[in-house]
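So this block is query.txt, compact mmCIF, C-alpha atoms:
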```
# COMPACT_ATOMS: atom_id res chain seq x y z
CA MET A 300 0.00 0.00 0.00
CA ILE A 301 1.28 3.44 -0.92
CA PRO A 302 2.03 5.68 2.09
CA LEU A 303 -0.61 8.38 2.30
CA HIS A 304 1.95 11.18 2.35
CA LYS A 305 3.32 9.84 -0.96
CA LEU A 306 -0.18 9.95 -2.46
CA LEU A 307 -0.51 13.58 -1.42
CA GLU A 308 2.62 14.45 -3.39
CA LEU A 309 1.14 13.14 -6.65
CA PRO A 310 -0.80 15.27 -9.16
CA ARG A 311 -4.55 15.07 -8.42
CA SER A 312 -5.50 12.98 -11.45
CA LEU A 313 -2.76 10.43 -10.76
CA ARG A 314 -3.60 10.43 -7.04
CA LEU A 315 -7.24 9.62 -7.75
CA ARG A 316 -6.31 6.84 -10.21
CA LYS A 317 -4.00 5.29 -7.61
CA ALA A 318 -6.72 5.56 -4.97
CA ALA A 319 -9.25 3.93 -7.32
CA ASN A 320 -6.83 1.04 -7.87
CA LEU A 321 -6.43 0.62 -4.11
CA PHE A 322 -10.18 0.40 -3.54
CA GLY A 323 -10.53 -1.87 -6.58
CA GLY A 324 -7.85 -4.21 -5.28
CA ALA A 325 -9.56 -4.38 -1.91
CA GLU A 326 -12.91 -5.15 -3.57
CA TYR A 327 -11.31 -7.94 -5.61
CA ARG A 328 -9.73 -9.52 -2.53
CA LEU A 329 -12.98 -9.23 -0.58
CA LEU A 330 -14.93 -10.88 -3.39
CA HIS A 331 -12.50 -13.78 -3.63
CA SER A 332 -11.69 -14.33 0.04
CA GLY A 333 -14.80 -13.02 1.79
CA GLN A 334 -12.90 -10.69 4.08
CA LEU A 335 -10.63 -7.68 4.30
CA SER A 336 -7.64 -7.49 6.61
CA GLU A 337 -7.92 -5.10 9.53
CA LYS A 338 -4.77 -3.31 8.35
CA GLU A 339 -6.17 -2.75 4.86
CA ALA A 340 -9.54 -1.58 6.19
CA GLU A 341 -7.82 0.95 8.46
CA TYR A 342 -5.65 2.17 5.58
CA LEU A 343 -8.65 2.68 3.29
CA ALA A 344 -10.56 4.49 6.03
CA SER A 345 -7.60 6.86 6.40
CA LEU A 346 -7.46 7.27 2.65
CA LEU A 347 -11.12 8.29 2.69
CA GLU A 348 -10.31 10.94 5.29
CA LEU A 349 -7.66 12.28 2.94
CA LEU A 350 -10.07 12.27 -0.02
CA LEU A 351 -12.69 14.18 1.96
CA LYS A 352 -10.23 17.08 2.20
CA ASP A 353 -10.16 17.33 -1.59
CA GLU A 354 -12.43 20.20 -2.65
CA GLY A 355 -12.91 18.81 -6.17
CA PHE A 356 -15.76 16.45 -5.25
CA ASN A 357 -19.41 17.39 -5.44
CA GLU A 358 -22.00 16.93 -2.68
CA ALA A 359 -23.18 13.51 -3.88
CA GLU A 360 -19.61 12.20 -4.07
CA ILE A 361 -18.77 13.54 -0.62
CA ALA A 362 -21.93 11.91 0.74
CA ALA A 363 -20.85 8.58 -0.80
CA PHE A 364 -17.45 8.85 0.88
CA LYS A 365 -19.01 9.67 4.24
CA ALA A 366 -21.42 6.74 3.94
CA ALA A 367 -18.51 4.40 3.27
CA GLN A 368 -16.47 5.62 6.25
CA PRO A 369 -18.33 3.81 9.06
CA VAL A 370 -18.55 0.63 6.98
CA LEU A 371 -14.77 0.54 6.54
CA ALA A 372 -14.18 1.59 10.13
CA SER A 373 -16.21 -1.37 11.44
CA ALA A 374 -14.73 -3.97 9.06
CA ASN A 375 -13.48 -7.02 10.97
CA LEU A 376 -14.60 -5.51 14.26
CA PRO A 377 -17.52 -7.61 15.59
CA PRO A 378 -20.27 -7.21 16.61
CA ALA A 379 -20.54 -4.14 14.34
CA ASN A 380 -18.79 -5.96 11.51
CA PRO A 381 -20.66 -5.19 8.23
CA ASP A 382 -21.65 -8.07 6.01
CA GLU A 383 -19.67 -8.76 2.86
CA GLY A 384 -22.31 -7.21 0.61
CA GLU A 385 -22.35 -3.92 2.53
CA LEU A 386 -18.57 -3.73 2.59
CA ARG A 387 -18.26 -4.50 -1.10
CA ARG A 388 -20.84 -1.85 -1.98
CA ALA A 389 -18.85 0.74 -0.03
CA LEU A 390 -15.60 -0.18 -1.80
CA ASN A 391 -17.30 -0.36 -5.19
CA THR A 392 -19.01 3.02 -4.82
CA VAL A 393 -15.84 4.84 -3.80
CA ARG A 394 -13.90 3.21 -6.65
CA HIS A 395 -16.39 4.31 -9.29
CA VAL A 396 -16.61 7.85 -7.89
CA LEU A 397 -12.83 8.12 -8.18
CA LEU A 398 -12.79 6.71 -11.71
CA ALA A 399 -15.54 9.10 -12.80
CA GLN A 400 -13.49 12.02 -11.49
CA THR A 401 -10.61 10.97 -13.73
CA GLY A 402 -12.91 10.51 -16.73
CA ARG A 403 -12.26 6.77 -16.85
CA TYR A 404 -15.73 5.22 -16.80
CA GLN A 405 -15.54 1.46 -16.86
CA ALA A 406 -17.05 -0.87 -19.42
CA ASP A 407 -19.17 -3.88 -18.48
CA TRP A 408 -16.25 -6.29 -18.86
CA ASP A 409 -14.07 -4.27 -16.49
CA PHE A 410 -16.37 -4.81 -13.54
CA ILE A 411 -15.02 -6.97 -10.74
CA GLU A 412 -16.68 -10.38 -10.77
CA ILE A 413 -15.98 -13.88 -9.52
CA ASP A 414 -13.85 -15.72 -12.04
CA GLY A 415 -14.97 -19.09 -13.31
CA VAL A 416 -16.56 -21.05 -16.12
CA LEU A 417 -20.33 -20.92 -16.54
CA ASP A 418 -22.11 -24.17 -15.70
CA PRO A 419 -23.89 -25.59 -18.79
CA SER A 420 -26.14 -27.70 -16.58
CA LYS A 421 -27.89 -24.55 -15.40
CA ARG A 422 -29.12 -23.74 -18.91
CA ARG A 423 -32.88 -24.08 -19.49
CA PRO A 424 -33.27 -23.32 -23.21
CA PHE A 425 -36.59 -23.37 -25.01
CA ALA A 426 -36.61 -26.12 -27.63
CA GLY A 427 -36.92 -24.46 -31.01
CA MET A 428 -36.05 -20.89 -29.92
CA GLN A 429 -33.32 -19.93 -32.39
CA VAL A 430 -31.75 -16.73 -33.70
CA TYR A 431 -30.09 -15.63 -36.93
CA LEU A 432 -27.68 -12.70 -36.62
CA GLU A 433 -27.33 -11.20 -40.07
CA ASP A 434 -24.29 -9.01 -40.74
CA ILE A 435 -24.06 -7.58 -37.22
CA ARG A 436 -20.83 -5.63 -37.68
CA SER A 437 -19.91 -4.64 -34.13
CA PRO A 438 -18.22 -7.27 -31.95
CA PHE A 439 -19.71 -5.46 -28.95
CA ASN A 440 -23.22 -5.98 -30.32
CA VAL A 441 -22.53 -9.61 -31.23
CA GLY A 442 -21.31 -10.32 -27.70
CA SER A 443 -24.26 -8.51 -26.15
CA MET A 444 -26.70 -10.44 -28.34
CA PHE A 445 -25.10 -13.75 -27.40
CA ARG A 446 -25.50 -12.82 -23.76
CA ALA A 447 -29.16 -11.84 -24.18
CA ALA A 448 -29.94 -14.92 -26.27
CA GLU A 449 -28.40 -17.24 -23.68
CA SER A 450 -30.08 -15.46 -20.79
CA PHE A 451 -33.57 -15.70 -22.30
CA GLY A 452 -33.30 -19.35 -23.29
CA ALA A 453 -32.24 -19.50 -26.94
CA GLU A 454 -31.44 -22.99 -28.13
CA LYS A 455 -29.00 -21.96 -30.88
CA LEU A 456 -27.59 -18.99 -32.79
CA TRP A 457 -26.88 -18.90 -36.52
CA LEU A 458 -24.48 -16.32 -37.96
CA SER A 459 -24.28 -14.87 -41.44
CA PRO A 460 -20.93 -15.07 -43.29
CA LEU A 461 -20.23 -11.37 -42.66
CA CYS A 462 -21.32 -11.23 -39.03
CA ALA A 463 -18.58 -10.06 -36.63
CA ASP A 464 -16.58 -12.87 -35.05
CA PRO A 465 -17.94 -14.00 -31.66
CA ARG A 466 -14.37 -14.99 -30.80
CA HIS A 467 -13.18 -11.40 -31.20
CA LYS A 468 -11.90 -10.19 -27.82
CA ARG A 469 -14.49 -7.40 -27.68
CA ALA A 470 -17.32 -9.83 -28.39
CA GLN A 471 -15.97 -12.25 -25.80
CA ARG A 472 -15.80 -9.52 -23.20
CA THR A 473 -19.38 -8.42 -23.79
CA ALA A 474 -20.72 -11.97 -23.99
CA MET A 475 -19.22 -12.80 -20.57
CA GLY A 476 -18.73 -16.50 -21.34
CA CYS A 477 -21.90 -17.06 -23.36
CA VAL A 478 -20.05 -17.66 -26.64
CA ASP A 479 -18.73 -20.90 -25.15
CA LEU A 480 -22.06 -21.80 -23.58
CA LEU A 481 -24.56 -21.23 -26.38
CA PRO A 482 -24.40 -23.47 -29.48
CA TRP A 483 -23.79 -21.46 -32.64
CA GLU A 484 -22.90 -21.97 -36.26
CA ARG A 485 -21.69 -19.67 -39.04
CA PHE A 486 -22.88 -20.07 -42.62
CA PRO A 487 -20.20 -20.01 -45.36
CA GLN A 488 -22.67 -18.20 -47.66
CA ASP A 489 -25.99 -16.37 -47.43
CA PRO A 490 -28.47 -19.04 -46.26
CA PHE A 491 -31.30 -17.37 -48.18
CA ASP A 492 -29.34 -17.43 -51.43
CA GLY A 493 -27.95 -20.96 -51.62
CA SER A 494 -28.10 -24.47 -50.16
CA VAL A 495 -27.74 -24.63 -46.38
CA ALA A 496 -28.72 -26.94 -43.56
CA ALA A 497 -32.31 -28.13 -43.89
CA GLU A 498 -32.65 -27.55 -40.15
CA PHE A 499 -32.32 -23.82 -40.69
CA LEU A 500 -34.40 -23.47 -43.85
CA ALA A 501 -37.31 -25.24 -42.18
CA GLY A 502 -37.85 -22.02 -40.18
CA PRO A 503 -40.36 -20.61 -39.48
CA PHE A 504 -38.85 -17.11 -39.59
CA PHE A 505 -39.74 -13.71 -38.21
CA CYS A 506 -37.58 -10.61 -38.13
CA LEU A 507 -36.94 -7.62 -35.91
CA GLU A 508 -37.55 -4.69 -38.21
CA THR A 509 -39.42 -1.40 -38.48
CA ALA A 510 -42.96 -1.12 -39.91
CA GLY A 511 -43.97 -4.47 -38.46
CA THR A 512 -46.50 -5.72 -35.92
CA PRO A 513 -46.09 -3.88 -32.59
CA LEU A 514 -44.36 -6.02 -29.99
CA ALA A 515 -47.41 -6.24 -27.71
CA ASP A 516 -49.58 -7.53 -30.58
CA PHE A 517 -47.13 -9.94 -32.19
CA SER A 518 -47.94 -13.67 -32.07
CA PHE A 519 -44.68 -15.37 -31.11
CA PRO A 520 -44.22 -18.92 -32.37
CA PRO A 521 -43.57 -21.91 -30.09
CA ARG A 522 -40.64 -22.70 -32.41
CA GLY A 523 -38.94 -20.39 -34.86
CA ILE A 524 -35.92 -18.35 -35.91
CA LEU A 525 -35.71 -14.65 -35.09
CA ILE A 526 -33.72 -12.65 -37.66
CA ALA A 527 -31.86 -9.55 -36.46
CA GLY A 528 -30.18 -7.47 -39.16
CA ALA A 529 -27.25 -5.11 -39.56
CA GLU A 530 -26.97 -1.98 -37.44
CA GLU A 531 -27.08 0.48 -40.35
CA LEU A 532 -29.23 -1.22 -42.97
CA GLY A 533 -31.42 -3.63 -41.04
CA VAL A 534 -32.54 -7.01 -42.37
CA SER A 535 -31.50 -7.78 -45.95
CA PRO A 536 -34.14 -8.02 -48.72
CA LEU A 537 -33.72 -11.79 -49.01
CA ALA A 538 -34.04 -12.39 -45.27
CA LEU A 539 -36.92 -9.93 -45.05
CA ALA A 540 -38.73 -11.75 -47.85
CA ALA A 541 -38.29 -15.06 -46.03
CA ALA A 542 -39.73 -13.55 -42.86
CA GLU A 543 -42.63 -11.90 -44.67
CA ALA A 544 -43.47 -15.23 -46.33
CA SER A 545 -43.42 -16.91 -42.91
CA LEU A 546 -44.33 -15.17 -39.63
CA GLY A 547 -43.71 -11.53 -40.56
CA ARG A 548 -41.88 -8.81 -38.74
CA VAL A 549 -42.06 -7.53 -35.17
CA SER A 550 -41.39 -3.90 -34.25
CA ILE A 551 -40.83 -2.04 -30.98
CA PRO A 552 -42.97 1.13 -30.79
CA THR A 553 -41.03 4.18 -29.58
CA ARG A 554 -42.05 7.66 -28.49
CA GLY A 555 -38.73 9.48 -28.68
CA ALA A 556 -37.35 11.83 -31.32
CA LYS A 557 -34.72 9.27 -32.29
CA GLY A 558 -37.28 6.57 -33.00
CA SER A 559 -34.79 3.70 -32.95
CA LEU A 560 -32.75 1.59 -30.57
CA ASN A 561 -29.32 0.01 -30.59
CA VAL A 562 -29.74 -3.39 -32.26
CA SER A 563 -28.57 -5.36 -29.22
CA VAL A 564 -30.96 -3.44 -26.94
CA ALA A 565 -33.89 -4.00 -29.30
CA PHE A 566 -32.91 -7.65 -29.63
CA GLY A 567 -32.93 -8.10 -25.84
CA ILE A 568 -36.40 -6.56 -25.59
CA VAL A 569 -37.81 -8.92 -28.21
CA MET A 570 -36.08 -11.97 -26.73
CA GLN A 571 -37.56 -11.21 -23.31
CA ALA A 572 -41.04 -10.89 -24.82
CA TRP A 573 -40.65 -14.17 -26.72
CA ALA A 574 -39.39 -15.95 -23.59
CA ALA A 575 -42.31 -14.60 -21.54
CA ASP A 576 -44.75 -15.83 -24.18
CA LEU A 577 -43.14 -19.29 -24.20
CA ARG A 578 -43.20 -19.53 -20.41
CA GLU A 579 -46.90 -18.76 -20.41
CA ARG A 580 -47.58 -21.34 -23.14
CA LEU A 581 -45.55 -24.03 -21.44
CA THR A 582 -46.55 -23.05 -17.86
CA CYS A 583 -42.86 -22.91 -17.00
CA PRO A 584 -41.66 -21.48 -13.69
CA PRO A 585 -40.41 -17.90 -13.96
CA LEU A 586 -36.77 -17.29 -14.80
CA SER A 587 -34.50 -16.52 -11.87
```

Transcribe the structure of this file into structure tokens.
Amino acid sequence: MIPLHKLLELPRSLRLRKAANLFGGAEYRLLHSGQLSEKEAEYLASLLELLLKDEGFNEAEIAAFKAAQPVLASANLPPANPDEGELRRALNTVRHVLLAQTGRYQADWDFIEIDGVLDPSKRRPFAGMQVYLEDIRSPFNVGSMFRAAESFGAEKLWLSPLCADPRHKRAQRTAMGCVDLLPWERFPQDPFDGSVAAEFLAGPFFCLETAGTPLADFSFPPRGILIAGAEELGVSPLALAAAEASLGRVSIPTRGAKGSLNVSVAFGIVMQAWAADLRERLTCPPLS
């Protein structure tokens, strides 16, 4: 741990980054061991005292520091010892306040989580719930859509030839392990313009696209393939024709000036609605 007087000698931006790393390290150790040493808790409490003398924080940030003080002060001191969740929240809040002050907001994959491989036995997919990602260009979006598809019970994902690689590091980070958990397959050519697996062409198909049936009125199928198209251009004419000849298109009504959503956000909304419909049909217990 860096002596506090050494921290005071650093430029403010560097001092706050170092402090954020100290709170982040403590949170990581707490999450993996379930406790914080008395020495470290005392050090961090003293560091908070130092931070409270910094006039660059706003009222909400100062209040967050003050709320964390008694939690750190009572760490490992029964009977006032805070539970692990309370202590972690204090460390986490201070860390993110410090990072925000330096302009370094964290991405989803930078959050501190328990390491480990996801357990495939916990999957409860809906038989016949499948997805076709057509030319999704952003690895971030591909990873996010894998995560949403796995979470809401998709059985399998199909990828177009030009879809971003799920193995790309950015996709892997956003998917949080779901690329290895959810079965998927990439087509070597456009499946709607050549010979592909009969399993896929059997459909039925519906697509997420504008000018379709509003989400609340759409009749989701017990089995089918949802087509989600490229961020800029949407579903291709061939894929759209296949959907129109099958189950049609589903749209998400909006009220804002923008009138559109990020494709992975829209995809998650539709997947949740489809899963809710399937649970009701199958009288399944609610998802955890």

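Comparing A:Leu343, A:Ala448, A:Leu309, A:Leu507 by their smallest distance to Ala565 in chain A, the closest is A:Leu507 (using only C-alpha atoms).
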
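Going from CA of Val478 in chain A over to CA of Leu417 in chain A, you cover 10.6 Å.
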
Shortest contact to Lys468 in chain A, candidates A:Gly493, A:Gly442, A:Pro536, A:Pro482, atoms counted all atoms listed in the file, goes to A:Gly442

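CA of Glu358 in chain A lies 27.9 Å from CA of Met300 in chain A.
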
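Taking CA of Asp382 in chain A and CA of Ala344 in chain A as the two end points, the separation is 16.8 Å.
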
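Ranking A:Lys338, A:Arg328, A:Arg485, A:Arg388 by their shortest atom-to-atom distance to Tyr431 in chain A, with all atoms listed in the file included, puts A:Arg485 first.
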
With all atoms listed in the file as the atoms that count, which of A:Val430, A:Cys462, A:Met475, A:Ala529 lies nearest to Phe505 in chain A? A:Val430

Quick one: everything within 10 Å of Pro490 in chain A, counting all atoms listed in the file, minus sequence neighbours fewer than 2 positions away in the same chain. Send it as a list in words. Trp457, Leu458, Ser459, Pro460, Arg485, Phe486, Pro487, Gln488, Asp492, Gly493, Ser494, Val495, Ala496, Phe499, Leu500, Leu537 and Ala538 of chain A

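Among the candidates A:Ala374, A:Ala362, A:Leu349, A:Val569, the one nearest to Gly333 in chain A when counting all atoms listed in the file is A:Ala374.
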
Would you kindly return, as JSON, numbers by chain, each protein, DNA or RNA residue with an atom no farther than 9 Å from any atom of Gly533 in chain A, considering only C-alpha atoms and excluding same-chain residues fewer than 6 positions away? {"A": [433, 434, 507, 508, 509, 527, 562]}

Tell me which of A:Gln368, A:Ala515, A:Gly523, A:Val534 sits closest to Ile551 in chain A, counting only C-alpha atoms. A:Ala515

Got a sec: who's within 9 Å of Tyr342 in chain A, counting all atoms listed in the file, leaving out chain neighbours fewer than 5 positions off, as a ChimeraX atom specification? /A:300,303,337,347

For a cut-off of 10 Å around (-30.6, -23.5, -18.4), file coordinates, pick out all residues using all atoms listed in the file and list them as a VMD selection string. chain A and resid 418 to 425 449 to 454 586
